[in-house]
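Participant: My file is structure_0.cif. It has mmCIF, C-alpha atoms:
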data_run
loop_
_atom_site.group_PDB
_atom_site.id
_atom_site.type_symbol
_atom_site.label_atom_id
_atom_site.label_comp_id
_atom_site.auth_asym_id
_atom_site.auth_seq_id
_atom_site.Cartn_x
_atom_site.Cartn_y
_atom_site.Cartn_z
ATOM 1 C CA ALA A 287 -13.994 -15.330 -7.005
ATOM 2 C CA PRO A 288 -12.201 -18.178 -5.241
ATOM 3 C CA ASP A 289 -9.765 -20.262 -7.223
ATOM 4 C CA GLY A 290 -10.772 -23.687 -8.531
ATOM 5 C CA ASP A 291 -9.466 -25.496 -5.437
ATOM 6 C CA GLY A 292 -11.454 -23.519 -2.857
ATOM 7 C CA GLY A 293 -8.636 -21.124 -2.005
ATOM 8 C CA ASN A 294 -8.842 -17.483 -1.140
ATOM 9 C CA PRO A 295 -10.251 -14.837 -3.477
ATOM 10 C CA PRO A 296 -7.677 -12.580 -5.136
ATOM 11 C CA GLU A 297 -6.492 -9.713 -2.985
ATOM 12 C CA PRO A 298 -8.820 -6.748 -3.626
ATOM 13 C CA ASP A 299 -5.985 -4.206 -3.502
ATOM 14 C CA GLY A 300 -3.588 -6.277 -5.616
ATOM 15 C CA ALA A 301 -2.509 -5.259 -9.087
ATOM 16 C CA ALA A 302 -4.992 -6.793 -11.517
ATOM 17 C CA TRP A 303 -6.678 -5.865 -14.756
ATOM 18 C CA ASP A 304 -9.421 -7.064 -17.022
ATOM 19 C CA SER A 305 -8.671 -9.283 -19.989
ATOM 20 C CA PRO A 306 -10.759 -11.285 -22.461
ATOM 21 C CA TRP A 307 -10.329 -14.288 -20.102
ATOM 22 C CA GLY A 308 -11.312 -12.493 -16.893
ATOM 23 C CA ARG A 309 -9.525 -10.428 -14.285
ATOM 24 C CA GLY A 310 -5.908 -11.462 -13.813
ATOM 25 C CA ARG A 311 -2.378 -10.817 -12.612
ATOM 26 C CA PRO A 312 -0.095 -12.440 -15.208
ATOM 27 C CA GLY A 313 3.007 -10.754 -13.808
ATOM 28 C CA TRP A 314 2.911 -13.223 -10.916
ATOM 29 C CA HIS A 315 3.694 -16.145 -13.239
ATOM 30 C CA ILE A 316 6.540 -14.466 -15.107
ATOM 31 C CA GLU A 317 8.154 -13.321 -11.845
ATOM 32 C CA CYS A 318 8.287 -16.897 -10.552
ATOM 33 C CA SER A 319 9.552 -18.248 -13.886
ATOM 34 C CA ALA A 320 12.279 -15.597 -14.073
ATOM 35 C CA MET A 321 13.445 -16.035 -10.460
ATOM 36 C CA THR A 322 13.462 -19.834 -10.629
ATOM 37 C CA SER A 323 15.287 -19.892 -13.951
ATOM 38 C CA ALA A 324 17.832 -17.306 -12.794
ATOM 39 C CA LEU A 325 18.656 -19.420 -9.744
ATOM 40 C CA PHE A 326 18.439 -22.948 -11.161
ATOM 41 C CA GLY A 327 18.873 -22.643 -14.924
ATOM 42 C CA GLU A 328 16.915 -24.291 -17.679
ATOM 43 C CA SER A 329 15.815 -27.425 -15.834
ATOM 44 C CA LEU A 330 14.660 -28.460 -12.405
ATOM 45 C CA ASP A 331 14.568 -31.920 -10.920
ATOM 46 C CA VAL A 332 11.544 -31.127 -8.740
ATOM 47 C CA HIS A 333 9.161 -28.164 -8.638
ATOM 48 C CA CYS A 334 6.842 -27.980 -5.617
ATOM 49 C CA GLY A 335 3.892 -25.939 -4.481
ATOM 50 C CA GLY A 336 0.431 -26.040 -2.982
ATOM 51 C CA ILE A 337 -2.302 -27.913 -4.802
ATOM 52 C CA ASP A 338 -3.953 -24.587 -5.635
ATOM 53 C CA LEU A 339 -0.905 -23.612 -7.735
ATOM 54 C CA ARG A 340 -1.257 -26.532 -10.144
ATOM 55 C CA PHE A 341 -3.452 -24.498 -12.495
ATOM 56 C CA PRO A 342 -3.050 -21.850 -13.713
ATOM 57 C CA HIS A 343 0.168 -20.813 -11.968
ATOM 58 C CA HIS A 344 2.386 -23.832 -12.631
ATOM 59 C CA GLU A 345 0.905 -24.342 -16.094
ATOM 60 C CA ASN A 346 1.903 -20.754 -16.941
ATOM 61 C CA GLU A 347 5.382 -21.130 -15.476
ATOM 62 C CA LEU A 348 5.898 -24.276 -17.521
ATOM 63 C CA ALA A 349 4.700 -22.669 -20.767
ATOM 64 C CA GLN A 350 6.851 -19.565 -20.256
ATOM 65 C CA CYS A 351 10.010 -21.512 -19.454
ATOM 66 C CA ARG A 352 9.541 -23.964 -22.301
ATOM 67 C CA ALA A 353 9.063 -21.100 -24.740
ATOM 68 C CA TYR A 354 12.094 -19.202 -23.447
ATOM 69 C CA PHE A 355 14.513 -22.117 -23.218
ATOM 70 C CA LEU A 356 13.491 -23.674 -26.540
ATOM 71 C CA GLU A 357 14.260 -20.354 -28.221
ATOM 72 C CA HIS A 358 17.590 -19.952 -26.406
ATOM 73 C CA SER A 359 19.004 -23.497 -26.566
ATOM 74 C CA GLN A 360 20.343 -25.936 -29.119
ATOM 75 C CA PRO A 361 17.896 -26.816 -31.927
ATOM 76 C CA THR A 362 17.855 -30.488 -30.902
ATOM 77 C CA HIS A 363 17.301 -29.757 -27.215
ATOM 78 C CA VAL A 364 13.922 -30.731 -25.782
ATOM 79 C CA CYS A 365 12.992 -28.584 -22.809
ATOM 80 C CA SER A 366 11.039 -30.323 -20.063
ATOM 81 C CA TRP A 367 11.958 -27.551 -17.563
ATOM 82 C CA ALA A 368 10.660 -29.433 -14.492
ATOM 83 C CA ARG A 369 11.124 -33.198 -14.469
ATOM 84 C CA HIS A 370 8.742 -33.787 -11.551
ATOM 85 C CA TRP A 371 5.922 -31.731 -10.062
ATOM 86 C CA VAL A 372 4.838 -32.165 -6.436
ATOM 87 C CA HIS A 373 1.656 -30.474 -5.244
ATOM 88 C CA PHE A 374 1.027 -30.450 -1.514
ATOM 89 C CA GLY A 375 -2.323 -30.484 0.254
ATOM 90 C CA HIS A 376 -3.141 -27.516 2.447
ATOM 91 C CA LEU A 377 -2.858 -27.347 6.195
ATOM 92 C CA HIS A 378 -6.254 -26.509 7.683
ATOM 93 C CA ILE A 379 -7.023 -24.775 10.965
ATOM 94 C CA ALA A 380 -10.606 -24.645 12.260
ATOM 95 C CA GLY A 381 -11.836 -26.051 8.944
ATOM 96 C CA ARG A 382 -10.166 -23.414 6.733
ATOM 97 C CA LYS A 383 -6.926 -23.371 4.778
ATOM 98 C CA MET A 384 -4.148 -21.883 6.902
ATOM 99 C CA SER A 385 -3.362 -18.453 5.515
ATOM 100 C CA LYS A 386 -1.676 -15.292 6.705
ATOM 101 C CA SER A 387 -4.366 -13.259 4.942
ATOM 102 C CA LEU A 388 -7.059 -15.035 7.000
ATOM 103 C CA LYS A 389 -4.939 -14.577 10.126
ATOM 104 C CA ASN A 390 -5.494 -18.245 11.013
ATOM 105 C CA PHE A 391 -1.913 -19.408 11.032
ATOM 106 C CA VAL A 392 0.484 -20.829 13.589
ATOM 107 C CA SER A 393 4.139 -19.974 13.211
ATOM 108 C CA ILE A 394 6.741 -22.646 13.909
ATOM 109 C CA ARG A 395 8.029 -20.477 16.764
ATOM 110 C CA ASP A 396 4.547 -20.343 18.352
ATOM 111 C CA TYR A 397 3.952 -24.058 17.804
ATOM 112 C CA LEU A 398 7.230 -24.961 19.517
ATOM 113 C CA ALA A 399 6.614 -22.538 22.396
ATOM 114 C CA THR A 400 3.062 -23.667 23.136
ATOM 115 C CA THR A 401 2.171 -26.957 21.503
ATOM 116 C CA GLY A 402 4.816 -29.547 20.763
ATOM 117 C CA THR A 403 8.284 -30.553 19.734
ATOM 118 C CA PRO A 404 9.864 -30.591 16.283
ATOM 119 C CA SER A 405 9.718 -34.408 16.286
ATOM 120 C CA GLU A 406 6.002 -34.400 17.125
ATOM 121 C CA PHE A 407 5.306 -31.992 14.280
ATOM 122 C CA ARG A 408 7.348 -34.154 11.915
ATOM 123 C CA MET A 409 5.230 -37.115 13.000
ATOM 124 C CA PHE A 410 2.054 -35.090 12.369
ATOM 125 C CA CYS A 411 3.292 -34.476 8.819
ATOM 126 C CA ALA A 412 4.331 -38.108 8.336
ATOM 127 C CA LEU A 413 0.849 -39.302 9.339
ATOM 128 C CA HIS A 414 -0.725 -37.439 6.402
ATOM 129 C CA HIS A 415 -0.380 -38.056 2.672
ATOM 130 C CA TYR A 416 1.605 -35.203 1.163
ATOM 131 C CA ALA A 417 -1.086 -34.336 -1.410
ATOM 132 C CA ALA A 418 -4.046 -34.514 0.977
ATOM 133 C CA PRO A 419 -5.235 -31.693 3.203
ATOM 134 C CA ALA A 420 -4.288 -32.023 6.872
ATOM 135 C CA SER A 421 -6.222 -30.510 9.759
ATOM 136 C CA LEU A 422 -4.164 -29.111 12.605
ATOM 137 C CA THR A 423 -6.446 -30.026 15.497
ATOM 138 C CA PRO A 424 -5.739 -30.869 19.133
ATOM 139 C CA GLY A 425 -6.778 -34.467 18.416
ATOM 140 C CA ALA A 426 -4.459 -34.799 15.427
ATOM 141 C CA LEU A 427 -1.575 -33.306 17.391
ATOM 142 C CA HIS A 428 -2.285 -35.669 20.301
ATOM 143 C CA THR A 429 -2.262 -38.625 17.895
ATOM 144 C CA ALA A 430 1.057 -37.472 16.447
ATOM 145 C CA SER A 431 2.579 -37.032 19.901
ATOM 146 C CA HIS A 432 1.279 -40.426 21.064
ATOM 147 C CA THR A 433 2.528 -42.129 17.887
ATOM 148 C CA PHE A 434 5.947 -40.547 18.265
ATOM 149 C CA GLN A 435 6.180 -41.703 21.903
ATOM 150 C CA ARG A 436 5.172 -45.237 20.910
ATOM 151 C CA LEU A 437 7.932 -45.210 18.303
ATOM 152 C CA LEU A 438 10.501 -44.017 20.854
ATOM 153 C CA ASN A 439 9.441 -46.722 23.319
ATOM 154 C CA PHE A 440 9.368 -49.546 20.778
#
Could you render the structure from this file as structure tokens?

Facilitator:
Amino acid sequence: APDGDGGNPPEPDGAAWDSPWGRGRPGWHIECSAMTSALFGESLDVHCGGIDLRFPHHENELAQCRAYFLEHSQPTHVCSWARHWVHFGHLHIAGRKMSKSLKNFVSIRDYLATTGTPSEFRMFCALHHYAAPASLTPGALHTASHTFQRLLNF
């Protein structure tokens, strides 16, 4: 079944098993918690991800890290783990979330070779709210290019 934000269904060949709460892959959460904590320690200033990771993935990471660091720190220490959470909207192509598994993605290399410049892509991003979905369409790219040129010629 798709996730709560309209994302892709779980990979059919991925490691998953039944639980009282439904089919799941809890190892995914602990892997991210362990890697992040190993690299950055017991607190982060900012933790980012796609809007579809807000729940349950980031909720699980937060719970795991709080539990671990509260047990392994000073008794008076309050573990917030991540001070700020930023969840980005998805990039859409032809009305669907861009995804390697759907094979509807554009690499940066391909974009630069066939479509536009780094500055035009930056303008495309700047024209969209970070948490809202953005559609990568010829019209949107034209608007970004035109807006960037207007800024250069100001």

Participant: Which residue is closest to Ala353 in chain A? Choose from A:Leu339, A:Cys334, A:Ser319, A:His428 and count all atoms listed in the file.

Facilitator: A:Ser319

Participant: With distances taken over only C-alpha atoms, which residue among A:Ile316, A:Gly402, A:Asp396, A:Ala417 lies nearest Gly335 in chain A?

Facilitator: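 Counting only C-alpha atoms, the residue closest to Gly335 in chain A is A:Ala417.
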
Participant: Between A:His344, A:Leu388, A:Gly308, A:Lys383, which one has atoms that come closest to Ala420 in chain A, using all atoms listed in the file?

Facilitator: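 For Ala420 in chain A, the nearest of the candidates is A:Lys383.
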
Participant: From the list A:Ser366, A:Glu406, A:Asp338, A:Phe355, which residue is nearest Leu437 in chain A when using all atoms listed in the file?

Facilitator: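 Among the listed residues, A:Glu406 lies closest to Leu437 in chain A.
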
Participant: Could you tell me which of A:Leu398, A:Gly375, A:Ser387, A:Ala368 comes closest to Phe326 in chain A if we count only C-alpha atoms?

Facilitator: A:Ala368

Participant: Please, what distance in Å, to one decimal, runs between CA of Thr400 in chain A and CA of Pro419 in chain A?

Facilitator: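 Interatomic distance, CA of Thr400 in chain A to CA of Pro419 in chain A: 23.0 Å.
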
Participant: Report as a PyMOL selection string all protein, DNA and RNA residues lying within 12 Å of Tyr397 in chain A, evaluated on only C-alpha atoms, omitting residues in the same chain fewer than 5 positions from it.

Facilitator: chain A and resi 391-392+402-407+422+424+427

Participant: Excluding Tyr416 in chain A and residues on its chain fewer than 5 positions from it, collect all residues at most 9 Å away from it, counting only C-alpha atoms, and give them as a ChimeraX atom specification.

Facilitator: /A:372-375,411

Participant: What's the separation between CA of Trp307 in chain A and CA of Gly336 in chain A, in Å to one decimal place?

Facilitator: 23.4 Å

Participant: To one decimal place in Å, what is the distance between CA of Thr322 in chain A and CA of Glu347 in chain A?

Facilitator: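 Interatomic distance, CA of Thr322 in chain A to CA of Glu347 in chain A: 9.5 Å.
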
Participant: Can you spell out as a ChimeraX atom specification the set of residues that the PyMOL selection byres ((chain A and resi 379) around 8) selects in the structure I just provided?

Facilitator: /A:377-378,380-384,390-391,421-423

Participant: Just checking: using only C-alpha atoms, which residue out of A:Asn346, A:Phe410, A:Leu438, A:Tyr354 ends up closest to Gly425 in chain A?

Facilitator: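 So, comparing all the options, the nearest one is A:Phe410.
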